[in-house]
file data.txt (compact mmCIF, C-alpha atoms)
# COMPACT_ATOMS: atom_id res chain seq x y z
CA MET A 1373 276.58 2.56 203.30
CA PRO A 1374 273.90 4.30 205.35
CA LYS A 1375 275.65 7.70 205.49
CA LEU A 1376 274.78 9.51 202.27
CA ASP A 1377 277.26 11.13 199.94
CA LEU A 1378 274.92 13.83 198.68
CA ASP A 1379 277.30 14.77 195.86
CA THR A 1380 276.67 11.39 194.22
CA ILE A 1381 272.87 11.78 194.20
CA PRO A 1382 271.41 13.52 191.15
CA GLN A 1383 270.20 17.08 191.68
CA SER A 1384 267.45 18.65 189.59
CA ASN A 1385 265.46 21.84 189.31
CA ALA A 1386 262.89 20.22 187.00
CA THR A 1387 259.22 21.04 187.51
CA GLY A 1388 255.99 20.06 185.83
CA TYR A 1389 254.39 23.42 186.63
CA PRO A 1390 253.08 25.15 183.52
CA PRO A 1391 254.30 28.71 182.82
CA PRO A 1392 254.24 31.19 184.47
CA PHE A 1393 254.02 29.14 187.68
CA ASP A 1394 257.35 27.43 186.99
CA ALA A 1395 259.47 30.59 187.21
CA PRO A 1396 259.53 30.99 191.02
CA VAL A 1397 260.81 27.41 191.51
CA ALA A 1398 263.64 27.60 188.95
CA GLY A 1399 266.08 28.09 191.84
CA ARG A 1400 264.83 25.05 193.76
CA TRP A 1401 267.47 22.29 193.47
CA TYR A 1402 266.34 18.99 194.92
CA ARG A 1403 267.66 15.48 195.42
CA ARG A 1404 265.20 12.59 195.84
CA LEU A 1405 266.85 10.62 198.64
CA GLY A 1406 264.32 7.78 198.88
CA PRO A 1407 264.85 6.14 195.48
CA ALA A 1408 268.59 6.84 195.69
CA THR A 1409 268.98 5.02 198.98
CA GLY A 1410 266.40 2.23 198.95
CA LEU A 1411 263.67 3.85 201.05
CA THR A 1412 260.09 3.15 199.97
CA ASP A 1413 257.93 3.77 203.05
CA PHE A 1414 258.05 7.56 202.66
CA GLY A 1415 259.51 10.13 200.31
CA VAL A 1416 262.37 12.38 201.39
CA SER A 1417 264.03 15.19 199.49
CA HIS A 1418 267.09 17.31 200.19
CA VAL A 1419 266.43 20.79 198.82
CA VAL A 1420 268.67 23.81 198.19
CA LEU A 1421 266.72 27.03 197.63
CA LYS A 1422 268.70 29.72 195.88
CA PRO A 1423 268.14 33.36 196.87
CA GLY A 1424 264.74 34.42 195.60
CA ALA A 1425 263.49 30.90 194.95
CA TRP A 1426 260.29 29.35 196.26
CA SER A 1427 259.93 25.74 197.43
CA SER A 1428 256.72 25.40 195.40
CA GLN A 1429 253.58 27.33 194.69
CA ARG A 1430 251.60 27.66 197.91
CA HIS A 1431 249.77 24.30 198.15
CA TRP A 1432 248.18 21.67 200.36
CA HIS A 1433 247.84 17.88 200.00
CA ILE A 1434 244.61 15.88 200.19
CA GLY A 1435 246.21 12.55 201.10
CA GLU A 1436 249.83 13.09 202.11
CA ASP A 1437 251.37 14.28 205.37
CA GLU A 1438 254.39 16.56 204.93
CA PHE A 1439 257.18 17.49 207.35
CA LEU A 1440 260.23 19.69 206.91
CA VAL A 1441 263.29 20.65 208.90
CA MET A 1442 265.62 23.51 208.04
CA ILE A 1443 269.30 22.58 207.88
CA SER A 1444 271.02 25.86 207.08
CA GLY A 1445 270.24 29.38 205.97
CA GLU A 1446 266.75 30.77 206.41
CA ALA A 1447 263.45 30.97 204.60
CA VAL A 1448 260.02 32.44 205.18
CA LEU A 1449 257.19 29.94 205.61
CA ILE A 1450 253.95 31.41 204.32
CA ASP A 1451 250.58 29.90 205.16
CA ASP A 1452 247.06 31.11 205.92
CA ALA A 1453 248.23 32.34 209.34
CA GLY A 1454 250.88 34.64 207.88
CA GLU A 1455 254.67 34.57 207.65
CA HIS A 1456 257.06 32.67 209.92
CA LEU A 1457 260.86 32.76 209.68
CA LEU A 1458 262.50 29.31 209.63
CA ARG A 1459 266.15 28.97 210.64
CA ALA A 1460 268.42 25.95 211.09
CA GLY A 1461 266.72 23.44 213.36
CA ASP A 1462 263.20 24.81 212.88
CA CYS A 1463 260.56 22.23 211.94
CA ALA A 1464 257.11 22.42 210.34
CA SER A 1465 254.30 19.86 209.97
CA PHE A 1466 251.56 19.88 207.36
CA PRO A 1467 248.94 17.20 208.05
CA LYS A 1468 247.09 15.89 205.01
CA GLY A 1469 243.69 17.30 204.33
CA GLU A 1470 244.27 20.60 206.13
CA GLU A 1471 243.41 23.21 203.51
CA ASN A 1472 246.16 25.54 204.66
CA GLY A 1473 248.30 26.36 201.63
CA HIS A 1474 251.99 26.68 202.48
CA HIS A 1475 255.37 27.18 200.88
CA LEU A 1476 258.82 28.60 201.60
CA GLN A 1477 260.40 31.68 200.06
CA ASN A 1478 264.13 32.32 200.33
CA ARG A 1479 264.24 36.10 200.71
CA SER A 1480 267.85 36.06 201.93
CA ASP A 1481 270.97 36.56 199.84
CA THR A 1482 272.39 33.08 200.51
CA ASP A 1483 271.25 29.52 199.83
CA CYS A 1484 269.05 27.77 202.35
CA VAL A 1485 268.87 24.00 202.73
CA PHE A 1486 266.06 21.86 204.10
CA VAL A 1487 264.89 18.26 204.18
CA VAL A 1488 261.24 17.51 203.44
CA VAL A 1489 259.41 14.22 204.05
CA GLY A 1490 256.14 13.09 202.50
CA GLY A 1491 254.01 10.02 203.21
CA GLY A 1492 250.58 8.61 202.54
CA THR A 1493 248.79 8.48 199.21
CA ASP A 1494 248.92 11.18 196.56
CA LEU A 1495 245.26 12.05 196.05
CA GLY A 1496 246.07 15.45 194.56
CA GLY A 1497 245.78 18.86 196.14
CA SER A 1498 245.32 22.51 195.45
CA TYR A 1499 247.04 25.90 195.12
CA PRO A 1500 244.98 28.59 196.86
CA ASP A 1501 246.69 31.59 195.20
CA ILE A 1502 246.39 30.51 191.55
CA ASP A 1503 243.92 28.82 189.21
CA MET A 1504 245.54 25.39 189.50
CA ARG A 1505 245.20 22.09 191.32
CA TRP A 1506 246.76 18.69 190.79
CA THR A 1507 244.98 15.38 190.40
CA ALA A 1508 245.44 11.95 191.94
CA ASP A 1509 247.00 10.85 188.63
CA ASP A 1510 249.43 13.78 188.89
CA ARG A 1511 248.17 16.18 186.22
CA TYR A 1512 248.05 19.96 186.62
CA VAL A 1513 244.62 21.33 185.80
CA HIS A 1514 242.63 24.52 186.25
CA LYS A 1515 240.31 24.62 189.25
CA ASP A 1516 237.43 23.64 186.91
CA GLY A 1517 239.33 20.55 185.73
CA THR A 1518 240.47 21.92 182.34
CA PRO A 1519 244.01 20.66 181.59
CA TYR A 1520 246.97 22.98 181.30
CA MET P 1107 250.24 26.54 212.97
CA PRO P 1108 252.61 24.47 210.83
CA LYS P 1109 255.83 25.89 212.32
CA LEU P 1110 256.52 23.92 215.47
CA ASP P 1111 257.26 25.42 218.87
CA LEU P 1112 259.47 22.58 220.08
CA ASP P 1113 259.41 23.88 223.66
CA THR P 1114 255.69 23.06 223.87
CA ILE P 1115 256.15 19.42 222.80
CA PRO P 1116 256.86 16.95 225.62
CA GLN P 1117 260.43 15.65 225.84
CA SER P 1118 261.28 12.27 227.32
CA ASN P 1119 264.25 10.02 227.92
CA ALA P 1120 262.03 7.02 228.66
CA THR P 1121 263.06 3.63 227.29
CA GLY P 1122 261.64 0.13 227.46
CA TYR P 1123 265.12 -1.42 227.26
CA PRO P 1124 265.79 -3.78 230.17
CA PRO P 1125 268.92 -3.12 232.27
CA PRO P 1126 271.80 -2.89 231.56
CA PHE P 1127 270.89 -1.93 227.97
CA ASP P 1128 268.97 1.16 229.13
CA ALA P 1129 271.99 2.96 230.60
CA PRO P 1130 273.60 4.17 227.33
CA VAL P 1131 270.33 5.84 226.19
CA ALA P 1132 269.64 7.71 229.45
CA GLY P 1133 270.98 10.87 227.79
CA ARG P 1134 268.73 10.55 224.73
CA TRP P 1135 265.98 13.19 224.98
CA TYR P 1136 263.34 12.84 222.30
CA ARG P 1137 260.14 14.54 221.19
CA ARG P 1138 257.58 12.59 219.14
CA LEU P 1139 256.58 15.19 216.55
CA GLY P 1140 254.02 13.11 214.64
CA PRO P 1141 251.37 12.70 217.33
CA ALA P 1142 252.01 16.25 218.57
CA THR P 1143 251.34 17.80 215.18
CA GLY P 1144 248.75 15.57 213.52
CA LEU P 1145 251.00 13.50 211.27
CA THR P 1146 250.07 9.83 210.89
CA ASP P 1147 251.69 8.70 207.61
CA PHE P 1148 255.14 8.35 209.18
CA GLY P 1149 256.80 8.80 212.55
CA VAL P 1150 259.22 11.65 213.19
CA SER P 1151 261.24 12.40 216.30
CA HIS P 1152 263.42 15.34 217.31
CA VAL P 1153 266.30 13.98 219.40
CA VAL P 1154 268.90 15.65 221.61
CA LEU P 1155 271.80 13.37 222.48
CA LYS P 1156 273.75 14.48 225.53
CA PRO P 1157 277.53 13.95 225.57
CA GLY P 1158 278.22 10.24 225.95
CA ALA P 1159 274.68 9.16 225.05
CA TRP P 1160 273.70 6.64 222.37
CA SER P 1161 270.67 6.99 220.09
CA SER P 1162 269.76 3.33 220.77
CA GLN P 1163 271.41 -0.02 220.99
CA ARG P 1164 272.80 -0.92 217.55
CA HIS P 1165 269.73 -2.30 215.74
CA TRP P 1166 267.96 -2.90 212.44
CA HIS P 1167 264.28 -3.01 211.49
CA ILE P 1168 262.51 -5.85 209.66
CA GLY P 1169 259.61 -3.76 208.34
CA GLU P 1170 260.38 -0.06 208.73
CA ASP P 1171 262.52 2.31 206.70
CA GLU P 1172 264.48 4.84 208.76
CA PHE P 1173 266.09 8.16 207.78
CA LEU P 1174 267.97 10.71 209.82
CA VAL P 1175 269.44 14.15 209.32
CA MET P 1176 271.84 15.86 211.73
CA ILE P 1177 270.83 19.37 212.75
CA SER P 1178 273.64 20.47 215.04
CA GLY P 1179 276.63 19.09 216.85
CA GLU P 1180 278.15 15.80 215.79
CA ALA P 1181 277.84 12.08 216.43
CA VAL P 1182 279.49 8.90 215.26
CA LEU P 1183 277.32 6.58 213.19
CA ILE P 1184 278.37 2.98 213.76
CA ASP P 1185 277.28 0.18 211.46
CA ASP P 1186 278.74 -3.03 210.02
CA ALA P 1187 280.97 -0.95 207.72
CA GLY P 1188 282.64 0.91 210.59
CA GLU P 1189 282.42 4.42 211.98
CA HIS P 1190 281.27 7.55 210.14
CA LEU P 1191 281.20 11.06 211.59
CA LEU P 1192 277.90 12.90 211.09
CA ARG P 1193 277.83 16.68 211.26
CA ALA P 1194 275.06 19.24 210.64
CA GLY P 1195 273.45 18.55 207.28
CA ASP P 1196 274.66 14.95 207.01
CA CYS P 1197 271.97 12.38 206.21
CA ALA P 1198 271.70 8.61 206.60
CA SER P 1199 269.22 6.05 205.25
CA PHE P 1200 268.46 2.63 206.70
CA PRO P 1201 266.19 0.59 204.42
CA LYS P 1202 264.01 -1.98 206.15
CA GLY P 1203 265.21 -5.57 206.09
CA GLU P 1204 268.89 -4.72 205.69
CA GLU P 1205 270.54 -6.55 208.56
CA ASN P 1206 273.06 -3.80 209.15
CA GLY P 1207 272.83 -2.77 212.79
CA HIS P 1208 273.34 0.95 213.33
CA HIS P 1209 273.21 3.61 215.99
CA LEU P 1210 274.74 6.98 216.89
CA GLN P 1211 277.12 7.73 219.72
CA ASN P 1212 277.73 11.30 220.87
CA ARG P 1213 281.43 11.21 221.73
CA SER P 1214 281.71 15.00 221.78
CA ASP P 1215 281.45 17.28 224.82
CA THR P 1216 278.34 19.12 223.59
CA ASP P 1217 274.79 18.12 222.73
CA CYS P 1218 273.98 16.98 219.23
CA VAL P 1219 270.53 17.24 217.66
CA PHE P 1220 268.99 15.19 214.88
CA VAL P 1221 265.63 14.41 213.32
CA VAL P 1222 264.75 10.79 212.58
CA VAL P 1223 261.86 9.53 210.44
CA GLY P 1224 260.37 6.03 210.41
CA GLY P 1225 257.74 4.50 208.16
CA GLY P 1226 256.26 1.16 207.23
CA THR P 1227 255.11 -1.56 209.60
CA ASP P 1228 256.81 -2.48 212.84
CA LEU P 1229 257.55 -6.18 212.40
CA GLY P 1230 260.28 -6.16 215.04
CA GLY P 1231 264.01 -6.22 214.59
CA SER P 1232 267.27 -7.19 216.18
CA TYR P 1233 270.33 -5.95 218.06
CA PRO P 1234 273.48 -7.60 216.69
CA ASP P 1235 275.74 -6.74 219.65
CA ILE P 1236 273.58 -8.06 222.49
CA ASP P 1237 271.27 -10.98 223.24
CA MET P 1238 268.09 -9.07 222.46
CA ARG P 1239 265.55 -8.55 219.70
CA TRP P 1240 262.12 -6.94 219.64
CA THR P 1241 258.91 -8.48 218.40
CA ALA P 1242 256.13 -7.27 216.11
CA ASP P 1243 254.00 -6.72 219.22
CA ASP P 1244 256.80 -4.60 220.67
CA ARG P 1245 258.24 -6.80 223.40
CA TYR P 1246 261.96 -7.11 224.16
CA VAL P 1247 263.07 -10.75 224.22
CA HIS P 1248 266.28 -12.75 224.18
CA LYS P 1249 267.37 -14.04 220.78
CA ASP P 1250 265.75 -17.42 221.66
CA GLY P 1251 262.41 -15.71 222.36
CA THR P 1252 262.58 -15.79 226.18
CA PRO P 1253 261.09 -12.57 227.59
CA TYR P 1254 263.14 -10.05 229.54

call {"tool": "encode", "arguments": {"input": "data.txt", "output": "structure tokens"}}
result
Amino acid sequence: MPKLDLDTIPQSNATGYPPPFDAPVAGRWYRRLGPATGLTDFGVSHVVLKPGAWSSQRHWHIGEDEFLVMISGEAVLIDDAGEHLLRAGDCASFPKGEENGHHLQNRSDTDCVFVVVGGGTDLGGSYPDIDMRWTADDRYVHKDGTPY
Amino acid sequence: MPKLDLDTIPQSNATGYPPPFDAPVAGRWYRRLGPATGLTDFGVSHVVLKPGAWSSQRHWHIGEDEFLVMISGEAVLIDDAGEHLLRAGDCASFPKGEENGHHLQNRSDTDCVFVVVGGGTDLGGSYPDIDMRWTADDRYVHKDGTPY
């Protein structure tokens, strides 16, 4: 059935971030909708950010386009240009290869919900605010390549 | 700037559907967000459906996955399994190759807004309710291949 029953799709707050970078995303609860519904051409996640939670460390992708649309609540999008409030219906695009680190912070006192889409090839990427990047084979390493 | 100013992105209700199949989508006003914002790994459109409008003729894709999320208002999703009301936050997935024709109808008296994502390769597809299909080179033809 094309309409999704989100309650039946597993929700997780798991992260591979090493400490202390994992703490800010502990309140990020996501559902991977692609595998759950037979989509393979792009990835799509339904994300609930609890008050105080971040969507990720501020990051950018070498080989994957990213798009998000806010569904409810509000969050602050932070990138190299500053801070931008996102409310229901607001959209944001992050073309691959643009070295403009971005993430969302829920600074409100209620949950916010968004859908995020990713496509292309995971060639790794980087986190401008911390000594970490990720590799094409999906390992977190220091900027000099030393593993965490 | 990653956050989109939707008002600056061109909006169109153009369709290549031959008459009379074009009439039900005259109130479908869409913005192509991918080209406007530098995304190439998937297609993404922001769509406003006026009261009475359809999102498309009921269709399915041979080679492209499709995903949609309702942002505001409501519409009826129609597929082979029947009718399903979609409200803000509801999601639907349409894996490529599943011959389950689907579309949305706005039967309410206010606009509804959704975002729809498409990926993969356009190999054409079909419209189960009418004598039409579209080809991999994006032409509308009768089911027997005769051009419109």

call {"tool": "atom_distance", "arguments": {"input": "data.txt", "atom1": "CA of Ala1132 (chain P)", "atom2": "CA of His1190 (chain P)"}}
result
22.5 Å

call {"tool": "closest_residue", "arguments": {"input": "data.txt", "among": "P:Phe1220, P:Tyr1136, P:Trp1166, P:Tyr1123", "to": "chain A", "atoms": "all atoms listed in the file"}}
result
P:Phe1220

call {"tool": "interface_residues", "arguments": {"input": "data.txt", "of": "chain A", "to": "chain P", "cutoff": "6 Å", "atoms": "all atoms listed in the file", "output": "list in words"}}
result
Pro1374, Lys1375, Leu1376, Gly1410, Leu1411, Asp1413, Asp1437, Ile1443, Gly1461, Cys1463, Ala1464, Ser1465, Phe1466, Pro1467, Gly1491 and Gly1492 of chain A

call {"tool": "write_last_selection", "arguments": {"input": "data.txt", "atoms": "C-alpha atoms", "output": "PDB file, in the frame of the given file"}}
result
ATOM      1  CA  PRO A1374     273.900   4.300 205.350  1.00  0.00           C
ATOM      2  CA  LYS A1375     275.650   7.700 205.490  1.00  0.00           C
ATOM      3  CA  LEU A1376     274.780   9.510 202.270  1.00  0.00           C
ATOM      4  CA  GLY A1410     266.400   2.230 198.950  1.00  0.00           C
ATOM      5  CA  LEU A1411     263.670   3.850 201.050  1.00  0.00           C
ATOM      6  CA  ASP A1413     257.930   3.770 203.050  1.00  0.00           C
ATOM      7  CA  ASP A1437     251.370  14.280 205.370  1.00  0.00           C
ATOM      8  CA  ILE A1443     269.300  22.580 207.880  1.00  0.00           C
ATOM      9  CA  GLY A1461     266.720  23.440 213.360  1.00  0.00           C
ATOM     10  CA  CYS A1463     260.560  22.230 211.940  1.00  0.00           C
ATOM     11  CA  ALA A1464     257.110  22.420 210.340  1.00  0.00           C
ATOM     12  CA  SER A1465     254.300  19.860 209.970  1.00  0.00           C
ATOM     13  CA  PHE A1466     251.560  19.880 207.360  1.00  0.00           C
ATOM     14  CA  PRO A1467     248.940  17.200 208.050  1.00  0.00           C
ATOM     15  CA  GLY A1491     254.010  10.020 203.210  1.00  0.00           C
ATOM     16  CA  GLY A1492     250.580   8.610 202.540  1.00  0.00           C
TER      17      GLY A1492
END

call {"tool": "calpha_fit_rmsd", "arguments": {"input": "data.txt", "fixed": "chain P", "moving": "chain A"}}
result
0.0 Å

call {"tool": "residues_around", "arguments": {"input": "data.txt", "residues": "region 1392-1397 of chain A", "least_positions_apart": "4", "cutoff": "12 Å", "atoms": "all atoms listed in the file", "output": "NGL selection string"}}
result
:A and (1384-1388 or 1401-1402 or 1419-1430 or 1475-1479 or 1499 or 1501-1505 or 1512 or 1520)

call {"tool": "write_last_selection", "arguments": {"input": "data.txt", "atoms": "C-alpha atoms", "output": "mmCIF file, keeping the file's coordinate frame"}}
result
data_model
loop_
_atom_site.group_PDB
_atom_site.id
_atom_site.type_symbol
_atom_site.label_atom_id
_atom_site.label_comp_id
_atom_site.auth_asym_id
_atom_site.auth_seq_id
_atom_site.Cartn_x
_atom_site.Cartn_y
_atom_site.Cartn_z
ATOM 1 C CA SER A 1384 267.450 18.650 189.590
ATOM 2 C CA ASN A 1385 265.460 21.840 189.310
ATOM 3 C CA ALA A 1386 262.890 20.220 187.000
ATOM 4 C CA THR A 1387 259.220 21.040 187.510
ATOM 5 C CA GLY A 1388 255.990 20.060 185.830
ATOM 6 C CA TRP A 1401 267.470 22.290 193.470
ATOM 7 C CA TYR A 1402 266.340 18.990 194.920
ATOM 8 C CA VAL A 1419 266.430 20.790 198.820
ATOM 9 C CA VAL A 1420 268.670 23.810 198.190
ATOM 10 C CA LEU A 1421 266.720 27.030 197.630
ATOM 11 C CA LYS A 1422 268.700 29.720 195.880
ATOM 12 C CA PRO A 1423 268.140 33.360 196.870
ATOM 13 C CA GLY A 1424 264.740 34.420 195.600
ATOM 14 C CA ALA A 1425 263.490 30.900 194.950
ATOM 15 C CA TRP A 1426 260.290 29.350 196.260
ATOM 16 C CA SER A 1427 259.930 25.740 197.430
ATOM 17 C CA SER A 1428 256.720 25.400 195.400
ATOM 18 C CA GLN A 1429 253.580 27.330 194.690
ATOM 19 C CA ARG A 1430 251.600 27.660 197.910
ATOM 20 C CA HIS A 1475 255.370 27.180 200.880
ATOM 21 C CA LEU A 1476 258.820 28.600 201.600
ATOM 22 C CA GLN A 1477 260.400 31.680 200.060
ATOM 23 C CA ASN A 1478 264.130 32.320 200.330
ATOM 24 C CA ARG A 1479 264.240 36.100 200.710
ATOM 25 C CA TYR A 1499 247.040 25.900 195.120
ATOM 26 C CA ASP A 1501 246.690 31.590 195.200
ATOM 27 C CA ILE A 1502 246.390 30.510 191.550
ATOM 28 C CA ASP A 1503 243.920 28.820 189.210
ATOM 29 C CA MET A 1504 245.540 25.390 189.500
ATOM 30 C CA ARG A 1505 245.200 22.090 191.320
ATOM 31 C CA TYR A 1512 248.050 19.960 186.620
ATOM 32 C CA TYR A 1520 246.970 22.980 181.300
#

call {"tool": "atom_distance", "arguments": {"input": "data.txt", "atom1": "CA of Gly1179 (chain P)", "atom2": "CA of Ser1151 (chain P)"}}
result
16.8 Å

call {"tool": "atom_distance", "arguments": {"input": "data.txt", "atom1": "CA of Gly1133 (chain P)", "atom2": "CA of Ala1181 (chain P)"}}
result
13.3 Å

call {"tool": "closest_residue", "arguments": {"input": "data.txt", "among": "A:Val1488, A:Leu1495, A:Ile1381, A:Ile1434", "to": "Arg1511 (chain A)", "atoms": "all atoms listed in the file"}}
result
A:Leu1495

call {"tool": "axis_aligned_box", "arguments": {"input": "data.txt", "around": "region 1391-1396 of chain A", "padding_each_side": "3 Å", "output": "JSON"}}
result
{"center_x": 256.8, "center_y": 29.3, "center_z": 186.9, "size_x": 11.5, "size_y": 9.8, "size_z": 14.2}

call {"tool": "build_atoms", "arguments": {"input": "data.txt", "residues": "region 1399-1428 of chain A", "atoms": "N, CA and C atoms", "output": "mmCIF file, keeping the file's coordinate frame"}}
result
data_model
loop_
_atom_site.group_PDB
_atom_site.id
_atom_site.type_symbol
_atom_site.label_atom_id
_atom_site.label_comp_id
_atom_site.auth_asym_id
_atom_site.auth_seq_id
_atom_site.Cartn_x
_atom_site.Cartn_y
_atom_site.Cartn_z
ATOM 1 N N GLY A 1399 264.924 28.148 190.949
ATOM 2 C CA GLY A 1399 266.080 28.090 191.840
ATOM 3 C C GLY A 1399 265.909 27.097 192.983
ATOM 4 N N ARG A 1400 265.033 26.135 192.776
ATOM 5 C CA ARG A 1400 264.830 25.050 193.760
ATOM 6 C C ARG A 1400 265.545 23.808 193.247
ATOM 7 N N TRP A 1401 266.641 23.425 193.902
ATOM 8 C CA TRP A 1401 267.470 22.290 193.470
ATOM 9 C C TRP A 1401 267.304 21.160 194.460
ATOM 10 N N TYR A 1402 266.698 20.070 193.995
ATOM 11 C CA TYR A 1402 266.340 18.990 194.920
ATOM 12 C C TYR A 1402 266.987 17.662 194.528
ATOM 13 N N ARG A 1403 267.207 16.862 195.572
ATOM 14 C CA ARG A 1403 267.660 15.480 195.420
ATOM 15 C C ARG A 1403 266.601 14.576 196.049
ATOM 16 N N ARG A 1404 266.141 13.572 195.313
ATOM 17 C CA ARG A 1404 265.200 12.590 195.840
ATOM 18 C C ARG A 1404 266.007 11.509 196.556
ATOM 19 N N LEU A 1405 265.984 11.532 197.883
ATOM 20 C CA LEU A 1405 266.850 10.620 198.640
ATOM 21 C C LEU A 1405 266.260 9.223 198.775
ATOM 22 N N GLY A 1406 264.935 9.095 198.712
ATOM 23 C CA GLY A 1406 264.320 7.780 198.880
ATOM 24 C C GLY A 1406 264.762 6.800 197.813
ATOM 25 N N PRO A 1407 264.445 7.070 196.547
ATOM 26 C CA PRO A 1407 264.850 6.140 195.480
ATOM 27 C C PRO A 1407 266.365 5.918 195.449
ATOM 28 N N ALA A 1408 267.125 6.949 195.776
ATOM 29 C CA ALA A 1408 268.590 6.840 195.690
ATOM 30 C C ALA A 1408 269.163 5.950 196.770
ATOM 31 N N THR A 1409 268.401 5.733 197.847
ATOM 32 C CA THR A 1409 268.980 5.020 198.980
ATOM 33 C C THR A 1409 268.156 3.837 199.444
ATOM 34 N N GLY A 1410 267.141 3.461 198.657
ATOM 35 C CA GLY A 1410 266.400 2.230 198.950
ATOM 36 C C GLY A 1410 265.241 2.391 199.915
ATOM 37 N N LEU A 1411 264.826 3.635 200.172
ATOM 38 C CA LEU A 1411 263.670 3.850 201.050
ATOM 39 C C LEU A 1411 262.394 3.896 200.222
ATOM 40 N N THR A 1412 261.357 3.181 200.692
ATOM 41 C CA THR A 1412 260.090 3.150 199.970
ATOM 42 C C THR A 1412 258.893 3.510 200.847
ATOM 43 N N ASP A 1413 259.074 3.550 202.159
ATOM 44 C CA ASP A 1413 257.930 3.770 203.050
ATOM 45 C C ASP A 1413 257.499 5.224 203.121
ATOM 46 N N PHE A 1414 258.392 6.132 202.712
ATOM 47 C CA PHE A 1414 258.050 7.560 202.660
ATOM 48 C C PHE A 1414 258.987 8.190 201.639
ATOM 49 N N GLY A 1415 258.638 9.384 201.201
ATOM 50 C CA GLY A 1415 259.510 10.130 200.310
ATOM 51 C C GLY A 1415 260.322 11.126 201.107
ATOM 52 N N VAL A 1416 261.557 11.379 200.691
ATOM 53 C CA VAL A 1416 262.370 12.380 201.390
ATOM 54 C C VAL A 1416 263.258 13.070 200.363
ATOM 55 N N SER A 1417 263.235 14.395 200.419
ATOM 56 C CA SER A 1417 264.030 15.190 199.490
ATOM 57 C C SER A 1417 264.932 16.145 200.254
ATOM 58 N N HIS A 1418 266.125 16.329 199.706
ATOM 59 C CA HIS A 1418 267.090 17.310 200.190
ATOM 60 C C HIS A 1418 267.023 18.470 199.206
ATOM 61 N N VAL A 1419 266.718 19.676 199.716
ATOM 62 C CA VAL A 1419 266.430 20.790 198.820
ATOM 63 C C VAL A 1419 267.325 21.981 199.136
ATOM 64 N N VAL A 1420 267.936 22.544 198.094
ATOM 65 C CA VAL A 1420 268.670 23.810 198.190
ATOM 66 C C VAL A 1420 267.817 24.863 197.489
ATOM 67 N N LEU A 1421 267.456 25.897 198.230
ATOM 68 C CA LEU A 1421 266.720 27.030 197.630
ATOM 69 C C LEU A 1421 267.690 28.172 197.431
ATOM 70 N N LYS A 1422 267.850 28.570 196.197
ATOM 71 C CA LYS A 1422 268.700 29.720 195.880
ATOM 72 C C LYS A 1422 268.001 31.016 196.322
ATOM 73 N N PRO A 1423 268.774 32.082 196.510
ATOM 74 C CA PRO A 1423 268.140 33.360 196.870
ATOM 75 C C PRO A 1423 267.027 33.706 195.887
ATOM 76 N N GLY A 1424 265.880 34.057 196.428
ATOM 77 C CA GLY A 1424 264.740 34.420 195.600
ATOM 78 C C GLY A 1424 263.821 33.274 195.247
ATOM 79 N N ALA A 1425 264.298 32.046 195.391
ATOM 80 C CA ALA A 1425 263.490 30.900 194.950
ATOM 81 C C ALA A 1425 262.402 30.547 195.959
ATOM 82 N N TRP A 1426 261.365 29.905 195.440
ATOM 83 C CA TRP A 1426 260.290 29.350 196.260
ATOM 84 C C TRP A 1426 260.440 27.822 196.276
ATOM 85 N N SER A 1427 259.919 27.208 197.349
ATOM 86 C CA SER A 1427 259.930 25.740 197.430
ATOM 87 C C SER A 1427 258.886 25.116 196.523
ATOM 88 N N SER A 1428 257.839 25.865 196.228
ATOM 89 C CA SER A 1428 256.720 25.400 195.400
ATOM 90 C C SER A 1428 255.760 26.577 195.297
#
